[in-house]
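One file, target-v4.txt, carrying compact mmCIF, C-alpha atoms:
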```
# COMPACT_ATOMS: atom_id res chain seq x y z
CA MET A 429 -28.47 -92.84 -69.92
CA THR A 430 -25.83 -90.72 -68.23
CA LYS A 431 -24.17 -92.35 -65.26
CA LEU A 432 -24.29 -90.35 -62.03
CA LEU A 433 -20.67 -91.06 -61.43
CA GLU A 434 -17.92 -92.14 -63.83
CA THR A 435 -14.91 -93.61 -62.07
CA ALA A 436 -13.38 -96.00 -64.63
CA ALA A 437 -10.35 -93.80 -65.40
CA LEU A 438 -9.69 -93.20 -61.70
CA GLU A 439 -9.99 -96.90 -60.88
CA ALA A 440 -7.56 -97.75 -63.70
CA ALA A 441 -5.08 -95.16 -62.46
CA LEU A 442 -5.32 -96.39 -58.86
CA GLN A 443 -4.84 -100.01 -59.94
CA GLU A 444 -1.74 -99.07 -61.94
CA ILE A 445 -0.33 -97.20 -58.92
CA ALA A 446 -1.01 -100.19 -56.65
CA ASP A 447 0.49 -102.66 -59.15
CA GLN A 448 3.68 -100.62 -59.54
CA ARG A 449 4.17 -100.63 -55.75
CA ASP A 450 2.85 -104.10 -54.81
CA TRP A 451 0.20 -102.41 -52.67
CA ASP A 452 -2.63 -104.89 -53.23
CA GLN A 453 -1.28 -106.99 -50.33
CA PHE A 454 -1.84 -104.04 -47.97
CA HIS A 455 -5.15 -102.91 -49.43
CA THR A 456 -7.39 -105.33 -47.54
CA PRO A 457 -10.90 -104.14 -46.64
CA ARG A 458 -10.15 -103.69 -42.94
CA ASN A 459 -6.84 -101.93 -43.60
CA LEU A 460 -8.57 -99.54 -45.99
CA ILE A 461 -11.32 -98.75 -43.48
CA LEU A 462 -8.67 -97.90 -40.88
CA ALA A 463 -6.91 -95.74 -43.49
CA LEU A 464 -10.23 -94.06 -44.35
CA THR A 465 -10.77 -93.36 -40.64
CA GLY A 466 -7.33 -91.80 -40.50
CA GLU A 467 -8.03 -89.49 -43.44
CA VAL A 468 -11.45 -88.42 -42.13
CA GLY A 469 -9.65 -87.64 -38.88
CA GLU A 470 -7.15 -85.44 -40.70
CA LEU A 471 -10.01 -83.64 -42.43
CA ALA A 472 -11.81 -83.14 -39.12
CA GLU A 473 -8.65 -81.70 -37.56
CA ILE A 474 -8.58 -78.87 -40.09
CA PHE A 475 -12.07 -77.80 -39.01
CA GLN A 476 -12.01 -78.63 -35.29
CA TRP A 477 -11.38 -75.15 -33.87
CA LEU A 478 -13.13 -73.13 -36.61
CA THR A 479 -16.40 -71.30 -36.25
CA ASP A 480 -19.10 -72.16 -38.78
CA GLU A 481 -18.32 -68.83 -40.48
CA GLN A 482 -14.60 -69.60 -40.74
CA ALA A 483 -15.42 -73.08 -42.05
CA GLU A 484 -17.59 -71.66 -44.81
CA GLN A 485 -14.76 -69.35 -45.92
CA ILE A 486 -12.01 -71.93 -45.68
CA MET A 487 -11.45 -72.24 -49.42
CA GLN A 488 -10.58 -68.52 -49.46
CA SER A 489 -7.97 -69.10 -46.72
CA ASP A 490 -4.45 -70.50 -46.67
CA LYS A 491 -5.95 -73.84 -45.61
CA ALA A 492 -7.63 -74.40 -49.00
CA GLU A 493 -4.93 -76.65 -50.45
CA HIS A 494 -4.81 -78.74 -47.26
CA VAL A 495 -8.58 -79.25 -47.46
CA ARG A 496 -8.36 -80.27 -51.13
CA GLN A 497 -5.66 -82.81 -50.26
CA GLU A 498 -7.51 -84.37 -47.33
CA VAL A 499 -10.81 -84.55 -49.20
CA SER A 500 -8.92 -86.28 -52.02
CA ASP A 501 -7.29 -88.74 -49.62
CA VAL A 502 -10.70 -89.69 -48.22
CA LEU A 503 -12.00 -90.26 -51.74
CA LEU A 504 -8.93 -92.23 -52.83
CA TYR A 505 -9.12 -94.70 -49.93
CA LEU A 506 -12.87 -95.00 -50.37
CA MET A 507 -12.34 -95.83 -54.06
CA ARG A 508 -9.67 -98.42 -53.21
CA LEU A 509 -12.16 -100.01 -50.80
CA VAL A 510 -14.81 -99.99 -53.53
CA MET A 511 -12.31 -101.63 -55.88
CA VAL A 512 -11.12 -104.41 -53.57
CA LEU A 513 -14.72 -105.20 -52.62
CA GLY A 514 -15.74 -105.23 -56.28
CA ILE A 515 -18.55 -102.71 -55.80
CA ASP A 516 -20.12 -100.95 -58.77
CA ILE A 517 -20.12 -97.58 -57.06
CA ASN A 518 -22.28 -95.86 -59.69
CA ALA A 519 -25.02 -98.49 -59.27
CA ALA A 520 -24.65 -98.48 -55.47
CA VAL A 521 -24.97 -94.69 -55.26
CA ALA A 522 -27.95 -94.62 -57.63
CA SER A 523 -29.66 -97.27 -55.51
CA LYS A 524 -28.92 -95.43 -52.24
CA ILE A 525 -30.24 -92.16 -53.64
CA ALA A 526 -33.47 -93.94 -54.62
CA LEU A 527 -33.76 -95.42 -51.09
CA ASN A 528 -33.15 -92.03 -49.50
CA ALA A 529 -35.83 -90.45 -51.69
CA VAL A 530 -38.39 -92.83 -50.16
CA LYS A 531 -37.04 -92.31 -46.63
CA TYR A 532 -36.98 -88.51 -46.95
CA PRO A 533 -39.78 -87.45 -49.32
CA PRO A 534 -39.28 -84.10 -51.07
CA THR A 535 -41.59 -82.12 -48.84
CA LYS A 536 -39.72 -79.02 -47.72
CA SER A 537 -38.32 -79.62 -44.24
CA MET B 1454 -8.12 -85.85 -72.14
CA THR B 1455 -10.31 -88.17 -70.11
CA LYS B 1456 -11.10 -86.98 -66.63
CA LEU B 1457 -10.21 -89.36 -63.83
CA LEU B 1458 -13.54 -88.78 -62.23
CA GLU B 1459 -16.80 -87.46 -63.67
CA THR B 1460 -19.22 -86.27 -61.01
CA ALA B 1461 -21.32 -83.61 -62.76
CA ALA B 1462 -24.49 -85.74 -63.01
CA LEU B 1463 -24.17 -86.81 -59.37
CA GLU B 1464 -23.62 -83.24 -58.19
CA ALA B 1465 -26.67 -82.08 -60.14
CA ALA B 1466 -28.80 -84.86 -58.65
CA LEU B 1467 -27.61 -84.09 -55.10
CA GLN B 1468 -28.30 -80.39 -55.54
CA GLU B 1469 -31.82 -81.11 -56.78
CA ILE B 1470 -32.43 -83.38 -53.76
CA ALA B 1471 -31.14 -80.70 -51.38
CA ASP B 1472 -33.19 -77.96 -53.08
CA GLN B 1473 -36.40 -79.99 -52.86
CA ARG B 1474 -35.89 -80.48 -49.13
CA ASP B 1475 -34.32 -77.14 -48.11
CA TRP B 1476 -31.25 -79.04 -46.96
CA ASP B 1477 -28.61 -76.45 -47.92
CA GLN B 1478 -29.14 -74.77 -44.55
CA PHE B 1479 -28.02 -77.98 -42.80
CA HIS B 1480 -25.22 -78.85 -45.19
CA THR B 1481 -22.53 -76.67 -43.67
CA PRO B 1482 -18.92 -77.89 -43.85
CA ARG B 1483 -18.70 -78.83 -40.16
CA ASN B 1484 -22.10 -80.55 -40.18
CA LEU B 1485 -21.09 -82.57 -43.22
CA ILE B 1486 -17.79 -83.64 -41.63
CA LEU B 1487 -19.70 -84.85 -38.56
CA ALA B 1488 -22.11 -86.70 -40.88
CA LEU B 1489 -19.15 -88.19 -42.79
CA THR B 1490 -17.68 -89.35 -39.46
CA GLY B 1491 -21.01 -90.98 -38.65
CA GLU B 1492 -21.12 -92.88 -41.93
CA VAL B 1493 -17.49 -94.05 -41.70
CA GLY B 1494 -18.40 -95.28 -38.22
CA GLU B 1495 -21.34 -97.27 -39.61
CA LEU B 1496 -19.06 -98.78 -42.25
CA ALA B 1497 -16.45 -99.67 -39.59
CA GLU B 1498 -19.13 -101.36 -37.47
CA ILE B 1499 -19.91 -103.85 -40.24
CA PHE B 1500 -16.27 -104.98 -40.25
CA GLN B 1501 -15.35 -104.63 -36.57
CA TRP B 1502 -15.64 -108.29 -35.49
CA LEU B 1503 -14.71 -109.90 -38.82
CA THR B 1504 -11.47 -111.70 -39.57
CA ASP B 1505 -9.51 -110.47 -42.59
CA GLU B 1506 -10.75 -113.57 -44.43
CA GLN B 1507 -14.39 -112.84 -43.62
CA ALA B 1508 -13.90 -109.20 -44.64
CA GLU B 1509 -12.54 -110.21 -48.02
CA GLN B 1510 -15.59 -112.41 -48.66
CA ILE B 1511 -18.14 -109.92 -47.36
CA MET B 1512 -19.66 -109.16 -50.77
CA GLN B 1513 -20.58 -112.86 -51.07
CA SER B 1514 -22.37 -112.67 -47.71
CA ASP B 1515 -25.73 -111.37 -46.55
CA LYS B 1516 -23.94 -108.15 -45.49
CA ALA B 1517 -23.21 -107.13 -49.11
CA GLU B 1518 -26.14 -104.76 -49.49
CA HIS B 1519 -25.40 -103.10 -46.14
CA VAL B 1520 -21.79 -102.51 -47.25
CA ARG B 1521 -22.95 -101.02 -50.57
CA GLN B 1522 -25.28 -98.67 -48.71
CA GLU B 1523 -22.72 -97.45 -46.17
CA VAL B 1524 -19.99 -96.99 -48.81
CA SER B 1525 -22.52 -94.95 -50.79
CA ASP B 1526 -23.44 -92.84 -47.76
CA VAL B 1527 -19.76 -92.02 -47.18
CA LEU B 1528 -19.42 -90.98 -50.82
CA LEU B 1529 -22.63 -88.94 -50.81
CA TYR B 1530 -21.66 -86.86 -47.75
CA LEU B 1531 -18.14 -86.44 -49.11
CA MET B 1532 -19.58 -85.15 -52.39
CA ARG B 1533 -21.90 -82.74 -50.54
CA LEU B 1534 -18.85 -81.43 -48.68
CA VAL B 1535 -17.01 -81.05 -51.99
CA MET B 1536 -20.00 -79.17 -53.38
CA VAL B 1537 -20.50 -76.74 -50.50
CA LEU B 1538 -16.77 -76.00 -50.43
CA GLY B 1539 -16.73 -75.48 -54.19
CA ILE B 1540 -13.93 -78.00 -54.77
CA ASP B 1541 -13.22 -79.33 -58.27
CA ILE B 1542 -12.84 -82.91 -57.05
CA ASN B 1543 -11.47 -84.23 -60.35
CA ALA B 1544 -8.67 -81.64 -60.32
CA ALA B 1545 -8.03 -82.14 -56.59
CA VAL B 1546 -7.73 -85.91 -56.96
CA ALA B 1547 -5.47 -85.62 -60.00
CA SER B 1548 -3.24 -83.24 -58.08
CA LYS B 1549 -3.12 -85.49 -54.99
CA ILE B 1550 -2.26 -88.54 -57.10
CA ALA B 1551 0.63 -86.59 -58.64
CA LEU B 1552 1.84 -85.56 -55.16
CA ASN B 1553 1.62 -89.15 -53.90
CA ALA B 1554 3.61 -90.39 -56.91
CA VAL B 1555 6.50 -88.19 -55.80
CA LYS B 1556 6.13 -89.18 -52.14
CA TYR B 1557 5.92 -92.91 -52.92
CA PRO B 1558 7.98 -93.59 -56.07
CA PRO B 1559 6.99 -96.70 -58.04
CA THR B 1560 9.79 -98.89 -56.77
CA LYS B 1561 8.22 -102.14 -55.62
CA SER B 1562 7.75 -101.98 -51.84
CA MET C 1233 0.23 -88.87 -4.63
CA THR C 1234 -3.29 -88.94 -6.03
CA LYS C 1235 -3.58 -90.62 -9.40
CA LEU C 1236 -5.17 -88.51 -12.12
CA LEU C 1237 -7.32 -91.40 -13.14
CA GLU C 1238 -8.30 -94.53 -11.26
CA THR C 1239 -9.58 -97.29 -13.54
CA ALA C 1240 -8.81 -100.51 -11.64
CA ALA C 1241 -12.44 -101.26 -10.71
CA LEU C 1242 -13.63 -100.56 -14.25
CA GLU C 1243 -10.92 -102.74 -15.77
CA ALA C 1244 -11.83 -105.57 -13.40
CA ALA C 1245 -15.51 -105.26 -14.29
CA LEU C 1246 -14.78 -105.22 -18.03
CA GLN C 1247 -12.53 -108.26 -17.75
CA GLU C 1248 -15.22 -110.17 -15.88
CA ILE C 1249 -17.78 -109.25 -18.55
CA ALA C 1250 -15.41 -110.39 -21.31
CA ASP C 1251 -14.55 -113.62 -19.51
CA GLN C 1252 -18.20 -114.53 -18.99
CA ARG C 1253 -18.86 -114.09 -22.70
CA ASP C 1254 -15.59 -115.38 -24.23
CA TRP C 1255 -15.06 -111.94 -25.76
CA ASP C 1256 -11.27 -111.78 -25.48
CA GLN C 1257 -11.03 -113.59 -28.82
CA PHE C 1258 -12.88 -110.67 -30.50
CA HIS C 1259 -11.17 -107.90 -28.57
CA THR C 1260 -8.06 -107.63 -30.72
CA PRO C 1261 -6.44 -104.18 -31.07
CA ARG C 1262 -7.61 -103.65 -34.64
CA ASN C 1263 -11.15 -104.87 -33.91
CA LEU C 1264 -11.36 -102.50 -30.95
CA ILE C 1265 -10.15 -99.53 -33.01
CA LEU C 1266 -12.85 -100.26 -35.59
CA ALA C 1267 -15.40 -100.52 -32.76
CA LEU C 1268 -14.12 -97.24 -31.30
CA THR C 1269 -14.53 -95.63 -34.74
CA GLY C 1270 -18.09 -96.90 -34.82
CA GLU C 1271 -18.95 -95.43 -31.45
CA VAL C 1272 -17.35 -92.05 -32.22
CA GLY C 1273 -19.45 -92.10 -35.38
CA GLU C 1274 -22.62 -92.69 -33.36
CA LEU C 1275 -21.68 -89.82 -31.06
CA ALA C 1276 -21.02 -87.54 -34.04
CA GLU C 1277 -24.41 -88.42 -35.54
CA ILE C 1278 -26.21 -87.04 -32.49
CA PHE C 1279 -24.56 -83.66 -33.04
CA GLN C 1280 -24.34 -83.51 -36.84
CA TRP C 1281 -27.31 -81.26 -37.57
CA LEU C 1282 -27.25 -79.21 -34.36
CA THR C 1283 -26.20 -75.61 -34.06
CA ASP C 1284 -23.46 -74.83 -31.54
CA GLU C 1285 -26.18 -73.42 -29.27
CA GLN C 1286 -28.29 -76.59 -29.48
CA ALA C 1287 -25.18 -78.70 -28.85
CA GLU C 1288 -24.39 -76.77 -25.68
CA GLN C 1289 -27.92 -77.35 -24.36
CA ILE C 1290 -28.11 -81.01 -25.36
CA MET C 1291 -27.98 -82.37 -21.81
CA GLN C 1292 -31.19 -80.42 -21.07
CA SER C 1293 -32.88 -82.07 -24.08
CA ASP C 1294 -34.43 -85.48 -24.71
CA LYS C 1295 -31.12 -86.52 -26.31
CA ALA C 1296 -29.25 -86.44 -22.96
CA GLU C 1297 -29.49 -90.16 -22.25
CA HIS C 1298 -28.40 -91.04 -25.80
CA VAL C 1299 -25.33 -88.79 -25.37
CA ARG C 1300 -24.47 -90.41 -22.03
CA GLN C 1301 -24.71 -93.86 -23.62
CA GLU C 1302 -22.55 -93.06 -26.64
CA VAL C 1303 -19.90 -91.25 -24.58
CA SER C 1304 -19.81 -94.34 -22.34
CA ASP C 1305 -19.47 -96.69 -25.31
CA VAL C 1306 -16.49 -94.67 -26.60
CA LEU C 1307 -14.87 -94.88 -23.16
CA LEU C 1308 -15.61 -98.61 -22.76
CA TYR C 1309 -14.01 -99.59 -26.08
CA LEU C 1310 -11.07 -97.27 -25.39
CA MET C 1311 -10.56 -98.96 -22.02
CA ARG C 1312 -10.74 -102.42 -23.60
CA LEU C 1313 -8.06 -101.31 -26.07
CA VAL C 1314 -5.95 -100.00 -23.18
CA MET C 1315 -6.40 -103.36 -21.43
CA VAL C 1316 -5.52 -105.63 -24.34
CA LEU C 1317 -2.47 -103.48 -25.13
CA GLY C 1318 -1.42 -103.54 -21.46
CA ILE C 1319 -1.20 -99.75 -21.21
CA ASP C 1320 -1.05 -98.05 -17.80
CA ILE C 1321 -3.54 -95.38 -18.78
CA ASN C 1322 -2.98 -93.23 -15.70
CA ALA C 1323 0.76 -93.05 -16.41
CA ALA C 1324 0.18 -92.53 -20.15
CA VAL C 1325 -2.25 -89.66 -19.56
CA ALA C 1326 0.05 -88.00 -16.98
CA SER C 1327 2.93 -88.22 -19.44
CA LYS C 1328 0.85 -86.80 -22.31
CA ILE C 1329 -0.37 -83.90 -20.18
CA ALA C 1330 3.26 -83.09 -19.32
CA LEU C 1331 4.20 -83.20 -23.02
CA ASN C 1332 1.26 -80.96 -23.95
CA ALA C 1333 2.28 -78.44 -21.27
CA VAL C 1334 5.61 -78.02 -23.03
CA LYS C 1335 4.01 -77.87 -26.47
CA TYR C 1336 1.35 -75.35 -25.40
CA PRO C 1337 2.82 -73.16 -22.61
CA PRO C 1338 0.28 -71.55 -20.28
CA THR C 1339 0.39 -68.14 -21.87
CA LYS C 1340 -3.19 -67.07 -22.49
CA SER C 1341 -4.07 -67.78 -26.13
CA MET D 625 -18.97 -98.62 -2.68
CA THR D 626 -15.96 -98.35 -4.95
CA LYS D 627 -16.52 -96.27 -8.05
CA LEU D 628 -15.74 -97.97 -11.34
CA LEU D 629 -13.91 -94.94 -12.50
CA GLU D 630 -12.40 -92.06 -10.55
CA THR D 631 -11.72 -89.01 -12.70
CA ALA D 632 -11.91 -86.08 -10.28
CA ALA D 633 -8.16 -85.39 -10.23
CA LEU D 634 -7.93 -85.60 -14.02
CA GLU D 635 -10.91 -83.29 -14.48
CA ALA D 636 -9.37 -80.76 -12.08
CA ALA D 637 -6.05 -80.90 -13.94
CA LEU D 638 -7.73 -80.48 -17.33
CA GLN D 639 -9.77 -77.53 -16.09
CA GLU D 640 -6.65 -75.83 -14.76
CA ILE D 641 -4.90 -76.35 -18.11
CA ALA D 642 -7.88 -74.92 -19.97
CA ASP D 643 -8.18 -71.96 -17.59
CA GLN D 644 -4.50 -71.08 -17.94
CA ARG D 645 -4.84 -71.00 -21.73
CA ASP D 646 -8.37 -69.59 -22.16
CA TRP D 647 -9.34 -72.81 -23.93
CA ASP D 648 -12.94 -73.06 -22.69
CA GLN D 649 -14.01 -70.83 -25.58
CA PHE D 650 -12.71 -73.47 -28.06
CA HIS D 651 -13.91 -76.50 -26.14
CA THR D 652 -17.48 -76.56 -27.41
CA PRO D 653 -19.20 -79.94 -27.77
CA ARG D 654 -19.01 -79.99 -31.57
CA ASN D 655 -15.38 -78.82 -31.63
CA LEU D 656 -14.44 -81.54 -29.16
CA ILE D 657 -16.19 -84.24 -31.20
CA LEU D 658 -14.24 -83.13 -34.27
CA ALA D 659 -11.04 -83.20 -32.19
CA LEU D 660 -11.95 -86.66 -30.89
CA THR D 661 -12.48 -87.81 -34.48
CA GLY D 662 -9.05 -86.47 -35.33
CA GLU D 663 -7.36 -88.36 -32.50
CA VAL D 664 -9.16 -91.63 -33.28
CA GLY D 665 -7.95 -91.13 -36.83
CA GLU D 666 -4.36 -90.75 -35.65
CA LEU D 667 -4.72 -93.92 -33.58
CA ALA D 668 -6.18 -95.81 -36.56
CA GLU D 669 -3.26 -94.68 -38.76
CA ILE D 670 -0.76 -96.41 -36.48
CA PHE D 671 -2.56 -99.73 -37.01
CA GLN D 672 -3.76 -99.37 -40.61
CA TRP D 673 -1.11 -101.47 -42.38
CA LEU D 674 -0.38 -103.92 -39.55
CA THR D 675 -1.39 -107.56 -39.46
CA ASP D 676 -3.38 -108.70 -36.43
CA GLU D 677 -0.19 -110.35 -35.14
CA GLN D 678 1.85 -107.14 -35.50
CA ALA D 679 -0.95 -105.18 -33.81
CA GLU D 680 -0.94 -107.52 -30.81
CA GLN D 681 2.83 -107.05 -30.39
CA ILE D 682 2.80 -103.28 -30.94
CA MET D 683 3.64 -102.39 -27.32
CA GLN D 684 6.89 -104.37 -27.71
CA SER D 685 7.76 -102.32 -30.80
CA ASP D 686 9.16 -98.84 -31.37
CA LYS D 687 5.56 -97.64 -31.91
CA ALA D 688 4.63 -98.19 -28.24
CA GLU D 689 5.12 -94.59 -27.14
CA HIS D 690 3.14 -93.29 -30.13
CA VAL D 691 0.26 -95.61 -29.23
CA ARG D 692 0.33 -94.46 -25.59
CA GLN D 693 0.20 -90.83 -26.73
CA GLU D 694 -2.69 -91.27 -29.16
CA VAL D 695 -4.73 -93.37 -26.74
CA SER D 696 -4.19 -90.61 -24.17
CA ASP D 697 -5.25 -87.91 -26.62
CA VAL D 698 -8.49 -89.77 -27.33
CA LEU D 699 -9.16 -90.04 -23.59
CA LEU D 700 -8.28 -86.40 -22.92
CA TYR D 701 -10.67 -85.01 -25.56
CA LEU D 702 -13.37 -87.45 -24.44
CA MET D 703 -12.94 -86.22 -20.86
CA ARG D 704 -13.13 -82.59 -21.96
CA LEU D 705 -16.38 -83.41 -23.78
CA VAL D 706 -17.69 -85.11 -20.64
CA MET D 707 -16.74 -82.01 -18.64
CA VAL D 708 -18.31 -79.40 -20.92
CA LEU D 709 -21.49 -81.48 -21.15
CA GLY D 710 -21.56 -81.91 -17.35
CA ILE D 711 -21.77 -85.70 -17.55
CA ASP D 712 -21.05 -87.84 -14.46
CA ILE D 713 -18.95 -90.33 -16.40
CA ASN D 714 -18.72 -92.86 -13.59
CA ALA D 715 -22.53 -93.02 -13.32
CA ALA D 716 -22.95 -93.04 -17.11
CA VAL D 717 -20.51 -95.91 -17.55
CA ALA D 718 -22.06 -97.92 -14.71
CA SER D 719 -25.49 -97.44 -16.29
CA LYS D 720 -24.26 -98.46 -19.75
CA ILE D 721 -22.57 -101.57 -18.40
CA ALA D 722 -25.86 -102.56 -16.75
CA LEU D 723 -27.73 -101.98 -20.02
CA ASN D 724 -25.18 -104.04 -21.97
CA ALA D 725 -25.50 -106.90 -19.46
CA VAL D 726 -29.18 -107.15 -20.33
CA LYS D 727 -28.53 -106.83 -24.06
CA TYR D 728 -25.73 -109.41 -24.04
CA PRO D 729 -26.46 -111.98 -21.29
CA PRO D 730 -23.41 -113.83 -19.93
CA THR D 731 -23.97 -117.02 -21.84
CA LYS D 732 -20.70 -117.95 -23.51
CA SER D 733 -20.81 -116.81 -27.13
```

Would you mind writing the structure in this file as structure tokens?
Amino acid sequence: MTKLLETAALEAALQEIADQRDWDQFHTPRNLILALTGEVGELAEIFQWLTDEQAEQIMQSDKAEHVRQEVSDVLLYLMRLVMVLGIDINAAVASKIALNAVKYPPTKS
Amino acid sequence: MTKLLETAALEAALQEIADQRDWDQFHTPRNLILALTGEVGELAEIFQWLTDEQAEQIMQSDKAEHVRQEVSDVLLYLMRLVMVLGIDINAAVASKIALNAVKYPPTKS
Amino acid sequence: MTKLLETAALEAALQEIADQRDWDQFHTPRNLILALTGEVGELAEIFQWLTDEQAEQIMQSDKAEHVRQEVSDVLLYLMRLVMVLGIDINAAVASKIALNAVKYPPTKS
Amino acid sequence: MTKLLETAALEAALQEIADQRDWDQFHTPRNLILALTGEVGELAEIFQWLTDEQAEQIMQSDKAEHVRQEVSDVLLYLMRLVMVLGIDINAAVASKIALNAVKYPPTKS
């Protein structure tokens, strides 16, 4: 069965980066949640003064690369959190999607 | 070459879920960033009164399932944002990791 | 000279509340920033699926009391952070407004 | 009776600043919540790699002014949100404190 999400290569790369820089000592769960908060804040700042129309066209603007970088930073800290907590993120996401499907049945809203 | 991150099956599943519920109309970039902020807040709340030691043991506690669910919610809204913006998240992450490697060279900190 | 912001009575009330509950031990700077993140997340959740028009009318809706409560929670944790860090918030805000006035001169945007 | 919180002078100053720069058009509720998220993120970034001990001593460090500025930015955007929503923040905070007193009775924890 195909996994929803395959992160093994990314996790290996992030662990190698952390090992080469002795970063595991800093990557505690609470530190990583503060870092995640910081990156979501940077992402929010890009969009804070935009109209919904401007936001929808942002990837055709000169802000596109900035958005790609901040979205990536959010994902990278989230993955580090997943790693230090030892979470199987594919299983967790599959389970949450199943829960959501019960909570929000597929009747058109 | 192996991709760092394989999200095609997850993106397909999330699109099917959104289609079945007419959710695309709600999943605008700014809405999704507010939703992402909400989920990071819920994740932060689990850890807010814990010591660093308690946080490191959280997956051996009765909070483990709650953590898995909130981490998954953060990832799911981030992926929806990636999807509505049309970002190739594997390429974006690979590019950001390369940028970070220049910014933080692998000398031990 | 009138102070921009007078918080002495609030700070006294919050300290009494904390003293009566032995909360100072939990109100560390990092804990309070995580708690602040949580409350901003709860505030964001109220607005996440609203249009700009709905958001502007929210205080005439049945969500008004919820908004008042979450805005208050953000302020209360921010004030506790200010207190444990020993910041003179009136002086800090006056100084920041002066800095901003230089950064953004009053030419109409 | 003394008010817990006196913000009239600050609100007047912020309105004058906004008027001089035509900022009311940008200060919509959702924009301000995104801006608030951004500032909380900047505050979190100052603390993300600190130990609890370092965080408690931060106002004796060279990061003190940065902390004062980010705390002020959080407060300023929160106050602008309060203003555009027409919330009486003193009354809202008093009401929330009363609610919390019921939720968390003053038995020592």

Chain A near stretch 1496-1508 of chain B within 12 Å: what's each residue's closest atom pair and its distance in Å to one decimal, counting all atoms listed in the file, ordered by chain then ascending residue number, as a Markdown table?
```
| residue | atom | partner | partner_atom | distance |
| --- | --- | --- | --- | --- |
| A:Gln453 | CA | B:Asp1505 | CA | 11.8 |
| A:Phe454 | CA | B:Asp1505 | CA | 11.4 |
| A:His455 | CA | B:Asp1505 | CA | 11.1 |
| A:Thr456 | CA | B:Asp1505 | CA | 7.4 |
| A:Pro457 | CA | B:Ala1508 | CA | 6.2 |
| A:Arg458 | CA | B:Phe1500 | CA | 6.8 |
| A:Asn459 | CA | B:Asp1505 | CA | 9.0 |
| A:Leu460 | CA | B:Ala1497 | CA | 10.2 |
| A:Ile461 | CA | B:Ala1497 | CA | 6.5 |
| A:Leu462 | CA | B:Ala1497 | CA | 8.1 |
| A:Ala463 | CA | B:Ala1497 | CA | 11.0 |
| A:Leu464 | CA | B:Ala1497 | CA | 9.6 |
| A:Thr465 | CA | B:Ala1497 | CA | 8.6 |
| A:Leu506 | CA | B:Leu1496 | CA | 10.9 |
| A:Leu509 | CA | B:Leu1496 | CA | 11.1 |
| A:Val512 | CA | B:Ala1508 | CA | 10.5 |
| A:Leu513 | CA | B:Ala1508 | CA | 9.0 |
```

Just checking: using all atoms listed in the file, which residue out of C:Ser1293, C:Ser1304, C:Thr1239, C:Gln1252 ends up closest to D:Pro730?
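Closest residue, counting all atoms listed in the file: C:Gln1252.
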
Rounded to one decimal in Å, what is the spacing between atom CA of D:Gln681 and atom CA of D:Leu699?
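A separation of 21.9 Å between them.
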
Just give me the gap between atom CA of B:Arg1521 and atom CA of A:Met507 in Å, one decimal is fine.
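Here the two named atoms are 12.3 Å from each other.
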
B:Lys1456: which residues within 10 Å, counting all atoms listed in the file, same-chain residues fewer than 5 positions away excluded, as JSON, numbers by chain?
{"A": [434, 435, 436, 437, 438], "B": [1543, 1544, 1547]}

Pick from C:Leu1236, C:Ala1244, C:Ile1290, C:Val1306: nearest to chain B, with all atoms listed in the file counted?
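The closest residue to chain B is C:Val1306.
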
Mind pulling up the distance from atom CA of B:Ala1554 to atom CA of A:Ile515?
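Spanning atom CA of A:Ile515 to atom CA of B:Ala1554 is a straight-line distance of 25.4 Å.
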